[in-house]
$ cat run18.cif   # mmCIF, C-alpha atoms
data_my_file
#
loop_
_atom_site.label_atom_id
_atom_site.label_comp_id
_atom_site.auth_asym_id
_atom_site.auth_seq_id
_atom_site.Cartn_x
_atom_site.Cartn_y
_atom_site.Cartn_z
CA MET Z 1 -12.28 -44.25 -35.05
CA ALA Z 2 -16.02 -44.10 -35.65
CA SER Z 3 -18.03 -42.35 -32.98
CA THR Z 4 -20.47 -44.38 -30.90
CA ALA Z 5 -23.37 -43.39 -28.70
CA THR Z 6 -21.27 -43.86 -25.60
CA ASP Z 7 -18.42 -41.58 -26.68
CA SER Z 8 -20.50 -38.80 -28.27
CA PRO Z 9 -20.16 -35.32 -26.75
CA LYS Z 10 -23.70 -35.54 -25.37
CA ALA Z 11 -23.04 -38.91 -23.75
CA SER Z 12 -19.71 -37.82 -22.27
CA GLY Z 13 -21.35 -34.68 -20.92
CA LYS Z 14 -24.06 -36.74 -19.24
CA ALA Z 15 -21.49 -39.09 -17.68
CA PHE Z 16 -19.57 -36.08 -16.38
CA LEU Z 17 -22.70 -34.53 -14.84
CA ASP Z 18 -23.68 -37.85 -13.26
CA ASP Z 19 -20.26 -38.14 -11.60
CA LEU Z 20 -20.32 -34.50 -10.57
CA ARG Z 21 -23.76 -34.78 -8.96
CA MET Z 22 -22.81 -37.99 -7.19
CA ARG Z 23 -19.96 -36.10 -5.48
CA LEU Z 24 -21.38 -32.58 -5.09
CA GLY Z 25 -25.15 -32.97 -5.24
CA ALA Z 26 -27.21 -29.78 -5.19
CA LEU Z 27 -24.15 -27.55 -5.71
CA VAL Z 28 -24.35 -28.56 -9.39
CA ASP Z 29 -26.96 -26.76 -11.50
CA ASP Z 30 -27.58 -27.56 -15.17
CA SER Z 31 -30.99 -25.91 -15.42
CA SER Z 32 -31.62 -23.93 -18.60
CA LEU Z 33 -32.02 -20.71 -16.60
CA THR Z 34 -28.72 -21.00 -14.74
CA ARG Z 35 -26.85 -22.06 -17.87
CA ALA Z 36 -28.30 -19.09 -19.75
CA LEU Z 37 -27.37 -16.66 -16.97
CA HIS Z 38 -23.77 -17.89 -17.05
CA SER Z 39 -23.50 -17.97 -20.85
CA THR Z 40 -22.77 -14.24 -21.14
CA ASP Z 41 -20.71 -11.62 -19.39
CA ALA Z 42 -19.74 -8.03 -20.16
CA SER Z 43 -18.49 -8.99 -23.62
CA ASN Z 44 -19.83 -9.82 -27.07
CA TYR Z 45 -19.71 -13.57 -26.51
CA ARG Z 46 -22.34 -16.15 -25.62
CA VAL Z 47 -21.18 -19.65 -24.70
CA VAL Z 48 -23.62 -21.99 -22.96
CA PRO Z 49 -21.93 -24.25 -20.36
CA LEU Z 50 -22.86 -27.82 -19.49
CA ALA Z 51 -23.43 -26.86 -15.86
CA VAL Z 52 -22.59 -24.38 -13.14
CA LEU Z 53 -20.99 -25.29 -9.82
CA VAL Z 54 -21.32 -23.07 -6.73
CA PRO Z 55 -18.71 -24.55 -4.38
CA LYS Z 56 -18.80 -24.07 -0.62
CA SER Z 57 -15.18 -25.04 0.03
CA ARG Z 58 -11.88 -25.65 -1.70
CA ASP Z 59 -12.51 -29.37 -1.33
CA ASP Z 60 -15.54 -28.96 -3.59
CA VAL Z 61 -13.40 -27.20 -6.18
CA VAL Z 62 -10.67 -29.83 -6.06
CA ALA Z 63 -13.23 -32.62 -6.48
CA ALA Z 64 -14.94 -30.88 -9.40
CA VAL Z 65 -11.68 -30.24 -11.24
CA ARG Z 66 -10.58 -33.84 -10.70
CA ILE Z 67 -13.86 -35.12 -12.20
CA ALA Z 68 -13.70 -32.65 -15.09
CA ARG Z 69 -10.16 -33.70 -15.87
CA ALA Z 70 -11.14 -37.36 -15.91
CA HIS Z 71 -13.87 -36.63 -18.45
CA GLY Z 72 -11.89 -34.13 -20.52
CA ILE Z 73 -14.29 -31.28 -19.68
CA ALA Z 74 -13.14 -27.66 -19.79
CA VAL Z 75 -13.41 -25.61 -16.59
CA THR Z 76 -14.03 -21.86 -16.49
CA VAL Z 77 -13.87 -19.91 -13.24
CA ARG Z 78 -16.18 -16.94 -12.82
CA GLY Z 79 -16.22 -13.96 -10.50
CA GLY Z 80 -18.87 -11.33 -11.21
CA GLY Z 81 -18.81 -11.74 -14.99
CA THR Z 82 -17.91 -8.06 -15.19
CA SER Z 83 -14.86 -8.11 -17.45
CA CYS Z 84 -14.87 -7.10 -21.11
CA ALA Z 85 -11.46 -8.69 -21.64
CA GLY Z 86 -11.14 -11.52 -19.12
CA ASN Z 87 -14.21 -13.31 -20.37
CA ALA Z 88 -15.75 -15.79 -17.92
CA VAL Z 89 -17.72 -17.94 -20.35
CA GLY Z 90 -16.92 -21.52 -21.37
CA PRO Z 91 -18.51 -24.62 -22.87
CA GLY Z 92 -17.88 -27.07 -20.01
CA LEU Z 93 -18.17 -26.46 -16.27
CA VAL Z 94 -18.40 -22.90 -14.92
CA ILE Z 95 -17.35 -22.56 -11.28
CA ASP Z 96 -19.01 -19.53 -9.69
CA PHE Z 97 -17.30 -18.46 -6.45
CA SER Z 98 -19.50 -15.45 -5.75
CA ARG Z 99 -22.33 -17.24 -3.87
CA PHE Z 100 -20.51 -19.11 -1.10
CA MET Z 101 -16.71 -18.72 -1.32
CA ASN Z 102 -16.96 -15.00 -0.69
CA ARG Z 103 -15.57 -14.57 2.81
CA ILE Z 104 -12.98 -12.13 4.07
CA LEU Z 105 -10.94 -14.48 6.23
CA SER Z 106 -8.85 -11.84 7.98
CA ILE Z 107 -7.61 -8.25 7.87
CA ASP Z 108 -4.28 -7.45 9.50
CA PRO Z 109 -3.87 -3.68 9.97
CA GLU Z 110 -0.29 -4.16 11.20
CA SER Z 111 0.90 -5.70 7.94
CA SER Z 112 -1.79 -3.93 5.86
CA THR Z 113 -2.94 -7.20 4.31
CA ALA Z 114 -6.19 -9.10 3.91
CA VAL Z 115 -6.83 -12.79 3.28
CA VAL Z 116 -9.86 -13.37 1.08
CA GLU Z 117 -11.68 -16.08 -0.81
CA PRO Z 118 -11.97 -15.49 -4.56
CA GLY Z 119 -15.66 -14.57 -4.51
CA VAL Z 120 -15.27 -11.51 -2.27
CA VAL Z 121 -16.76 -8.46 -4.00
CA LEU Z 122 -14.36 -5.50 -4.06
CA SER Z 123 -16.74 -3.04 -2.37
CA THR Z 124 -17.22 -5.56 0.47
CA LEU Z 125 -13.47 -5.64 1.07
CA GLN Z 126 -13.30 -1.84 0.90
CA ASN Z 127 -16.04 -1.50 3.53
CA ALA Z 128 -14.34 -4.04 5.80
CA ALA Z 129 -10.98 -2.27 5.52
CA LEU Z 130 -12.47 1.20 6.09
CA PRO Z 131 -12.42 1.12 9.93
CA PHE Z 132 -8.67 0.51 9.75
CA GLY Z 133 -8.09 3.47 7.43
CA LEU Z 134 -7.16 1.07 4.64
CA ARG Z 135 -8.39 0.11 1.17
CA PHE Z 136 -7.49 -2.12 -1.74
CA GLY Z 137 -5.73 0.10 -4.26
CA PRO Z 138 -7.05 -0.93 -7.71
CA ASP Z 139 -10.73 -0.04 -8.19
CA PRO Z 140 -12.39 -0.77 -11.54
CA SER Z 141 -15.75 0.88 -12.23
CA THR Z 142 -17.53 -2.42 -11.49
CA ALA Z 143 -16.39 -2.32 -7.83
CA THR Z 144 -19.86 -3.12 -6.47
CA ARG Z 145 -20.00 -6.32 -8.53
CA CYS Z 146 -16.50 -7.48 -9.45
CA THR Z 147 -14.79 -10.06 -7.26
CA ILE Z 148 -11.20 -10.13 -6.07
CA GLY Z 149 -10.78 -13.44 -7.88
CA GLY Z 150 -11.94 -11.83 -11.10
CA MET Z 151 -9.63 -8.87 -10.55
CA ILE Z 152 -6.71 -11.25 -10.07
CA GLY Z 153 -7.80 -13.14 -13.16
CA ASN Z 154 -7.56 -10.14 -15.46
CA ASN Z 155 -5.15 -7.94 -13.46
CA ALA Z 156 -7.66 -5.14 -13.00
CA CYS Z 157 -6.60 -1.53 -12.52
CA GLY Z 158 -9.20 1.26 -12.33
CA PRO Z 159 -8.53 4.99 -12.00
CA HIS Z 160 -6.47 4.60 -8.80
CA GLY Z 161 -4.09 2.30 -10.64
CA LEU Z 162 -2.18 5.51 -11.27
CA SER Z 163 -1.27 5.64 -7.57
CA TYR Z 164 -1.48 2.05 -6.44
CA GLY Z 165 -0.67 0.07 -9.58
CA ARG Z 166 -2.37 -2.99 -11.00
CA THR Z 167 -3.79 -5.90 -9.06
CA ALA Z 168 -0.50 -7.73 -9.74
CA ASP Z 169 1.28 -5.02 -7.77
CA ASN Z 170 -1.01 -5.64 -4.78
CA VAL Z 171 -0.98 -9.43 -4.35
CA VAL Z 172 1.18 -10.99 -1.66
CA SER Z 173 0.47 -14.69 -2.16
CA LEU Z 174 -2.06 -16.94 -3.88
CA THR Z 175 -3.34 -20.40 -2.99
CA TRP Z 176 -3.51 -21.97 -6.42
CA LEU Z 177 -5.02 -25.19 -7.80
CA THR Z 178 -3.04 -26.37 -10.81
CA GLY Z 179 -4.42 -28.27 -13.79
CA ARG Z 180 -2.82 -31.41 -12.37
CA GLY Z 181 -4.90 -31.10 -9.22
CA GLU Z 182 -2.07 -29.91 -6.98
CA ILE Z 183 -2.48 -27.01 -4.55
CA ILE Z 184 0.51 -24.68 -4.39
CA THR Z 185 1.29 -21.41 -2.65
CA ALA Z 186 2.45 -18.77 -5.10
CA GLY Z 187 4.51 -16.11 -3.39
CA SER Z 188 7.71 -14.22 -4.06
CA GLY Z 189 11.35 -14.19 -3.03
CA ALA Z 190 14.05 -16.85 -2.83
CA GLY Z 191 12.65 -20.28 -3.59
CA ALA Z 192 9.25 -18.98 -4.76
CA LEU Z 193 9.63 -20.47 -8.23
CA GLU Z 194 10.23 -23.95 -6.81
CA ALA Z 195 6.45 -24.24 -6.38
CA VAL Z 196 6.31 -24.98 -10.12
CA PRO Z 197 8.80 -27.69 -11.14
CA GLY Z 198 11.16 -26.50 -13.85
CA LEU Z 199 10.12 -22.84 -13.65
CA ASP Z 200 13.34 -21.64 -12.01
CA ALA Z 201 15.41 -23.31 -14.74
CA PHE Z 202 13.14 -21.85 -17.43
CA VAL Z 203 13.70 -18.34 -16.10
CA SER Z 204 17.47 -18.83 -15.84
CA GLU Z 205 17.64 -20.12 -19.41
CA ASN Z 206 15.61 -17.22 -20.83
CA LEU Z 207 16.81 -14.19 -18.89
CA ALA Z 208 17.58 -12.14 -22.01
CA VAL Z 209 14.14 -12.63 -23.54
CA LEU Z 210 12.32 -11.99 -20.26
CA ARG Z 211 14.29 -8.79 -19.70
CA THR Z 212 13.85 -7.34 -23.17
CA GLU Z 213 10.45 -8.57 -24.38
CA PHE Z 214 8.24 -8.46 -21.28
CA GLY Z 215 7.06 -5.60 -19.08
CA ARG Z 216 7.88 -2.92 -21.63
CA PHE Z 217 5.01 -0.64 -20.58
CA GLY Z 218 3.42 0.04 -17.23
CA ARG Z 219 -0.20 -0.70 -18.06
CA GLN Z 220 0.39 -4.28 -19.20
CA ILE Z 221 -2.51 -6.19 -17.69
CA SER Z 222 -4.05 -9.45 -18.98
CA GLY Z 223 -1.60 -12.01 -20.31
CA TYR Z 224 1.62 -13.66 -19.25
CA SER Z 225 3.67 -11.06 -17.38
CA LEU Z 226 6.77 -13.20 -17.04
CA GLU Z 227 8.96 -10.23 -16.16
CA HIS Z 228 7.74 -10.68 -12.56
CA LEU Z 229 9.71 -13.93 -12.41
CA LEU Z 230 13.07 -12.21 -12.89
CA PRO Z 231 15.41 -12.15 -9.88
CA GLU Z 232 15.61 -8.34 -9.95
CA ASN Z 233 11.81 -8.26 -9.73
CA GLY Z 234 11.71 -10.50 -6.67
CA ARG Z 235 10.89 -13.82 -8.38
CA ASN Z 236 7.25 -12.95 -7.85
CA LEU Z 237 5.19 -15.97 -8.91
CA ALA Z 238 1.98 -14.50 -7.44
CA ALA Z 239 2.27 -11.41 -9.63
CA ALA Z 240 3.11 -13.50 -12.71
CA LEU Z 241 -0.04 -15.61 -12.27
CA THR Z 242 -2.17 -12.49 -11.91
CA GLY Z 243 -3.75 -11.68 -15.26
CA THR Z 244 -3.48 -15.18 -16.70
CA GLU Z 245 -7.30 -15.43 -16.75
CA GLY Z 246 -7.62 -18.94 -15.41
CA SER Z 247 -5.36 -20.48 -18.03
CA CYS Z 248 -2.73 -21.50 -15.47
CA GLY Z 249 -4.98 -22.81 -12.72
CA ILE Z 250 -7.68 -21.80 -10.25
CA LEU Z 251 -7.40 -19.32 -7.40
CA LEU Z 252 -8.63 -20.70 -4.07
CA GLU Z 253 -7.48 -17.97 -1.69
CA ALA Z 254 -5.48 -14.75 -1.87
CA THR Z 255 -3.49 -12.57 0.48
CA VAL Z 256 -3.62 -9.02 -0.85
CA ARG Z 257 -1.88 -5.81 0.13
CA LEU Z 258 -3.94 -2.89 1.45
CA VAL Z 259 -2.97 0.78 1.26
CA PRO Z 260 -3.78 3.80 3.48
CA ARG Z 261 -6.84 5.77 2.49
CA ALA Z 262 -6.24 9.34 1.36
CA SER Z 263 -7.09 11.65 4.25
CA ALA Z 264 -8.84 14.37 2.24
CA PRO Z 265 -9.43 13.46 -1.40
CA ALA Z 266 -10.78 16.19 -3.67
CA LEU Z 267 -12.10 16.12 -7.23
CA ALA Z 268 -11.04 18.56 -9.95
CA VAL Z 269 -12.76 18.53 -13.36
CA LEU Z 270 -10.77 20.15 -16.16
CA GLY Z 271 -12.44 21.01 -19.47
CA TYR Z 272 -10.70 20.73 -22.87
CA SER Z 273 -11.75 21.38 -26.43
CA ASP Z 274 -11.68 17.64 -27.16
CA MET Z 275 -10.22 14.40 -25.83
CA ALA Z 276 -7.08 14.72 -27.90
CA ALA Z 277 -6.28 18.01 -26.16
CA ALA Z 278 -7.08 16.41 -22.80
CA ALA Z 279 -4.68 13.54 -23.51
CA ASP Z 280 -1.96 15.99 -24.56
CA ASP Z 281 -2.16 17.64 -21.14
CA VAL Z 282 -1.63 14.44 -19.14
CA PRO Z 283 2.18 14.84 -18.94
CA ASN Z 284 1.60 18.23 -17.29
CA LEU Z 285 -0.70 16.72 -14.68
CA LEU Z 286 1.35 13.69 -13.67
CA PRO Z 287 4.02 15.67 -11.75
CA LEU Z 288 1.20 16.78 -9.41
CA HIS Z 289 0.82 13.13 -8.34
CA PRO Z 290 -2.96 12.81 -8.62
CA LEU Z 291 -4.50 9.82 -6.85
CA ALA Z 292 -6.52 9.05 -9.97
CA LEU Z 293 -6.84 10.38 -13.50
CA GLU Z 294 -9.71 9.62 -15.87
CA GLY Z 295 -10.81 10.92 -19.26
CA LEU Z 296 -14.46 11.49 -20.18
CA ASP Z 297 -15.57 12.21 -23.75
CA ALA Z 298 -18.49 14.60 -24.36
CA GLN Z 299 -20.19 11.94 -26.49
CA LEU Z 300 -20.70 9.79 -23.38
CA VAL Z 301 -22.18 12.71 -21.47
CA ASP Z 302 -24.50 13.48 -24.37
CA VAL Z 303 -25.88 9.93 -24.21
CA VAL Z 304 -26.84 10.48 -20.55
CA ARG Z 305 -28.36 13.89 -21.33
CA ARG Z 306 -30.50 12.42 -24.10
CA ALA Z 307 -31.69 9.58 -21.87
CA HIS Z 308 -32.24 11.48 -18.62
CA GLY Z 309 -32.29 15.17 -19.53
CA GLY Z 310 -29.96 17.90 -18.42
CA ALA Z 311 -30.66 17.22 -14.75
CA GLY Z 312 -29.03 13.80 -15.15
CA VAL Z 313 -25.58 15.39 -15.60
CA PRO Z 314 -23.85 17.64 -13.06
CA ALA Z 315 -22.52 21.05 -14.08
CA LEU Z 316 -19.32 20.65 -16.11
CA PRO Z 317 -16.78 23.11 -17.50
CA ALA Z 318 -17.23 23.99 -21.15
CA GLY Z 319 -15.54 21.65 -23.57
CA GLY Z 320 -15.69 18.47 -25.59
CA GLY Z 321 -13.77 16.37 -23.09
CA TRP Z 322 -12.85 16.39 -19.42
#
$ encode --input "run18.cif" --output "structure tokens"
Amino acid sequence: MASTATDSPKASGKAFLDDLRMRLGALVDDSSLTRALHSTDASNYRVVPLAVLVPKSRDDVVAAVRIARAHGIAVTVRGGGTSCAGNAVGPGLVIDFSRFMNRILSIDPESSTAVVEPGVVLSTLQNAALPFGLRFGPDPSTATRCTIGGMIGNNACGPHGLSYGRTADNVVSLTWLTGRGEIITAGSGAGALEAVPGLDAFVSENLAVLRTEFGRFGRQISGYSLEHLLPENGRNLAAALTGTEGSCGILLEATVRLVPRASAPALAVLGYSDMAAAADDVPNLLPLHPLALEGLDAQLVDVVRRAHGGAGVPALPAGGGW
């Protein structure tokens, strides 16, 4: 059918924004500055959205998704824009949780859990859990900027993933907005899969594939980790949705597991001739149960030395990798 002025992409975008503003007012921003700021993240991509929404409540999110669906507009959810793999850029509506939906709703030291909104920055949660002797286990290098929602989106790890696992291993339940506009609670255990109609039957019909083709290595992060849905893995829908990068719905709230802080952590820096030799030694270090284990190539250190001089780098053992 021939295109007309009323069904052109520009016209449909304007109609969408008009409806969105009518419902959510000043929470919608389509200024050139805001769109430019949200068109990039820590990746090689640049995608300019139609508008950015900074919701104050889950009702705002539900309304925005309903309007976007009616107009056929894509929705991208954004945490801190810190991920090089879970890219938070999209051509339609970007929902940014970091400004308002960033509250820690509760911390329960008895159950070692916290209930958070998706825009909570990781370091904020760590500071809040500190008086209880607790912390959130995974800790990517962007901890002062990344949000828990973003970490759940791309199943973040960080150096302490060695001890505490991935984000998927530390979620208890998720309040989840589906593409159909329904809010479900994704948890684990008997009956957990009933939150998604047909999912239990799908798992039962595909047990062999799920057991042999998924979860074959421990560091599997972004993607569809359907092995969590298996009965022997606790039918864990929350863990299976972690890492799906917004493709299966929108996170509205999360209950996450906290772990005890190490009482006296210490840092050891071991020098090797190069990074290959350092990697070869990892199997000898793992039986010592380190809290964290990271590799650092001399080329990265040299960049800092060239930019800031020798004083910009602490004393290191001799070697080409640490």
$ closest_residue --input "run18.cif" --among "Z:Thr147, Z:His228, Z:Val89, Z:Gly133" --to "Arg103 of chain Z" --atoms "all atoms listed in the file"
Z:Thr147
$ closest_residue --input "run18.cif" --among "Z:Ile183, Z:Ile221, Z:Ala262, Z:Val65" --to "Ala156 of chain Z" --atoms "only C-alpha atoms"
Z:Ile221
$ closest_residue --input "run18.cif" --among "Z:Ala26, Z:Ala298, Z:Ala311, Z:Cys84" --to "Ala276 of chain Z" --atoms "all atoms listed in the file"
Z:Ala298
$ residues_around --input "run18.cif" --residues "segment 248-251 of chain Z" --least-positions-apart "2" --cutoff "12 Å" --atoms "all atoms listed in the file" --output "PDB file with C-alpha atoms, in the coordinates of the input"
ATOM      1  CA  ARG Z  58     -11.880 -25.650  -1.700  1.00  0.00           C
ATOM      2  CA  VAL Z  61     -13.400 -27.200  -6.180  1.00  0.00           C
ATOM      3  CA  VAL Z  62     -10.670 -29.830  -6.060  1.00  0.00           C
ATOM      4  CA  ALA Z  64     -14.940 -30.880  -9.400  1.00  0.00           C
ATOM      5  CA  VAL Z  65     -11.680 -30.240 -11.240  1.00  0.00           C
ATOM      6  CA  ALA Z  74     -13.140 -27.660 -19.790  1.00  0.00           C
ATOM      7  CA  VAL Z  75     -13.410 -25.610 -16.590  1.00  0.00           C
ATOM      8  CA  THR Z  76     -14.030 -21.860 -16.490  1.00  0.00           C
ATOM      9  CA  VAL Z  77     -13.870 -19.910 -13.240  1.00  0.00           C
ATOM     10  CA  ARG Z  78     -16.180 -16.940 -12.820  1.00  0.00           C
ATOM     11  CA  GLY Z  79     -16.220 -13.960 -10.500  1.00  0.00           C
ATOM     12  CA  VAL Z  94     -18.400 -22.900 -14.920  1.00  0.00           C
ATOM     13  CA  ILE Z  95     -17.350 -22.560 -11.280  1.00  0.00           C
ATOM     14  CA  ASP Z  96     -19.010 -19.530  -9.690  1.00  0.00           C
ATOM     15  CA  PHE Z  97     -17.300 -18.460  -6.450  1.00  0.00           C
ATOM     16  CA  MET Z 101     -16.710 -18.720  -1.320  1.00  0.00           C
ATOM     17  CA  VAL Z 116      -9.860 -13.370   1.080  1.00  0.00           C
ATOM     18  CA  GLU Z 117     -11.680 -16.080  -0.810  1.00  0.00           C
ATOM     19  CA  PRO Z 118     -11.970 -15.490  -4.560  1.00  0.00           C
ATOM     20  CA  GLY Z 119     -15.660 -14.570  -4.510  1.00  0.00           C
ATOM     21  CA  THR Z 147     -14.790 -10.060  -7.260  1.00  0.00           C
ATOM     22  CA  ILE Z 148     -11.200 -10.130  -6.070  1.00  0.00           C
ATOM     23  CA  GLY Z 149     -10.780 -13.440  -7.880  1.00  0.00           C
ATOM     24  CA  GLY Z 150     -11.940 -11.830 -11.100  1.00  0.00           C
ATOM     25  CA  MET Z 151      -9.630  -8.870 -10.550  1.00  0.00           C
ATOM     26  CA  ILE Z 152      -6.710 -11.250 -10.070  1.00  0.00           C
ATOM     27  CA  GLY Z 153      -7.800 -13.140 -13.160  1.00  0.00           C
ATOM     28  CA  SER Z 173       0.470 -14.690  -2.160  1.00  0.00           C
ATOM     29  CA  LEU Z 174      -2.060 -16.940  -3.880  1.00  0.00           C
ATOM     30  CA  THR Z 175      -3.340 -20.400  -2.990  1.00  0.00           C
ATOM     31  CA  TRP Z 176      -3.510 -21.970  -6.420  1.00  0.00           C
ATOM     32  CA  LEU Z 177      -5.020 -25.190  -7.800  1.00  0.00           C
ATOM     33  CA  THR Z 178      -3.040 -26.370 -10.810  1.00  0.00           C
ATOM     34  CA  GLY Z 179      -4.420 -28.270 -13.790  1.00  0.00           C
ATOM     35  CA  ARG Z 180      -2.820 -31.410 -12.370  1.00  0.00           C
ATOM     36  CA  GLY Z 181      -4.900 -31.100  -9.220  1.00  0.00           C
ATOM     37  CA  GLU Z 182      -2.070 -29.910  -6.980  1.00  0.00           C
ATOM     38  CA  ILE Z 183      -2.480 -27.010  -4.550  1.00  0.00           C
ATOM     39  CA  ILE Z 184       0.510 -24.680  -4.390  1.00  0.00           C
ATOM     40  CA  THR Z 185       1.290 -21.410  -2.650  1.00  0.00           C
ATOM     41  CA  ALA Z 186       2.450 -18.770  -5.100  1.00  0.00           C
ATOM     42  CA  VAL Z 196       6.310 -24.980 -10.120  1.00  0.00           C
ATOM     43  CA  GLY Z 223      -1.600 -12.010 -20.310  1.00  0.00           C
ATOM     44  CA  TYR Z 224       1.620 -13.660 -19.250  1.00  0.00           C
ATOM     45  CA  LEU Z 237       5.190 -15.970  -8.910  1.00  0.00           C
ATOM     46  CA  ALA Z 238       1.980 -14.500  -7.440  1.00  0.00           C
ATOM     47  CA  ALA Z 240       3.110 -13.500 -12.710  1.00  0.00           C
ATOM     48  CA  LEU Z 241      -0.040 -15.610 -12.270  1.00  0.00           C
ATOM     49  CA  THR Z 242      -2.170 -12.490 -11.910  1.00  0.00           C
ATOM     50  CA  GLY Z 243      -3.750 -11.680 -15.260  1.00  0.00           C
ATOM     51  CA  THR Z 244      -3.480 -15.180 -16.700  1.00  0.00           C
ATOM     52  CA  GLU Z 245      -7.300 -15.430 -16.750  1.00  0.00           C
ATOM     53  CA  GLY Z 246      -7.620 -18.940 -15.410  1.00  0.00           C
ATOM     54  CA  GLU Z 253      -7.480 -17.970  -1.690  1.00  0.00           C
ATOM     55  CA  ALA Z 254      -5.480 -14.750  -1.870  1.00  0.00           C
ATOM     56  CA  THR Z 255      -3.490 -12.570   0.480  1.00  0.00           C
TER      57      THR Z 255
END
$ atom_distance --input "run18.cif" --atom1 "atom CA of Leu291 of chain Z" --atom2 "atom CA of Ala279 of chain Z"
17.1 Å
$ resolve_selection --input "run18.cif" --expression "the PyMOL selection byres ((chain Z and resi 260) around 10)" --output "PyMOL selection string"
chain Z and resi 109+112+129-130+132-137+258-259+261-263
$ atom_distance --input "run18.cif" --atom1 "atom CA of Glu232 of chain Z" --atom2 "atom CA of Gly215 of chain Z"
12.8 Å
$ resolve_selection --input "run18.cif" --expression "the PyMOL selection byres ((chain Z and resi 35) around 8)" --output "list in words"
Asp29, Asp30, Ser31, Ser32, Leu33, Thr34, Ala36, Leu37, His38, Ser39, Val48, Pro49, Leu50, Ala51 and Val52 of chain Z
$ write_last_selection --input "run18.cif" --atoms "C-alpha atoms" --output "short mmCIF file (atom, residue, chain, number, x, y, z; two decimals), keeping the file's coordinate frame"
data_model
loop_
_atom_site.label_atom_id
_atom_site.label_comp_id
_atom_site.auth_asym_id
_atom_site.auth_seq_id
_atom_site.Cartn_x
_atom_site.Cartn_y
_atom_site.Cartn_z
CA ASP Z 29 -26.96 -26.76 -11.50
CA ASP Z 30 -27.58 -27.56 -15.17
CA SER Z 31 -30.99 -25.91 -15.42
CA SER Z 32 -31.62 -23.93 -18.60
CA LEU Z 33 -32.02 -20.71 -16.60
CA THR Z 34 -28.72 -21.00 -14.74
CA ALA Z 36 -28.30 -19.09 -19.75
CA LEU Z 37 -27.37 -16.66 -16.97
CA HIS Z 38 -23.77 -17.89 -17.05
CA SER Z 39 -23.50 -17.97 -20.85
CA VAL Z 48 -23.62 -21.99 -22.96
CA PRO Z 49 -21.93 -24.25 -20.36
CA LEU Z 50 -22.86 -27.82 -19.49
CA ALA Z 51 -23.43 -26.86 -15.86
CA VAL Z 52 -22.59 -24.38 -13.14
#
$ resolve_selection --input "run18.cif" --expression "the PyMOL selection byres ((chain Z and resi 56) around 7)" --output "PDB file with C-alpha atoms, in the frame of the given file"
ATOM      1  CA  VAL Z  54     -21.320 -23.070  -6.730  1.00  0.00           C
ATOM      2  CA  PRO Z  55     -18.710 -24.550  -4.380  1.00  0.00           C
ATOM      3  CA  SER Z  57     -15.180 -25.040   0.030  1.00  0.00           C
ATOM      4  CA  ASP Z  60     -15.540 -28.960  -3.590  1.00  0.00           C
ATOM      5  CA  PHE Z 100     -20.510 -19.110  -1.100  1.00  0.00           C
ATOM      6  CA  MET Z 101     -16.710 -18.720  -1.320  1.00  0.00           C
TER       7      MET Z 101
END
$ closest_residue --input "run18.cif" --among "Z:Leu270, Z:Leu162, Z:Val209, Z:Leu252" --to "Pro287 of chain Z" --atoms "all atoms listed in the file"
Z:Leu162
$ atom_distance --input "run18.cif" --atom1 "atom CA of Val47 of chain Z" --atom2 "atom CA of Leu27 of chain Z"
20.8 Å
$ closest_residue --input "run18.cif" --among "Z:Ala277, Z:Cys157, Z:Ala307, Z:Ala264" --to "Ser222 of chain Z" --atoms "all atoms listed in the file"
Z:Cys157
$ residues_around --input "run18.cif" --residues "Ala192 of chain Z" --least-positions-apart "3" --cutoff "8 Å" --atoms "only C-alpha atoms" --output "VMD selection string"
chain Z and resid 186 to 189 195 235 to 237
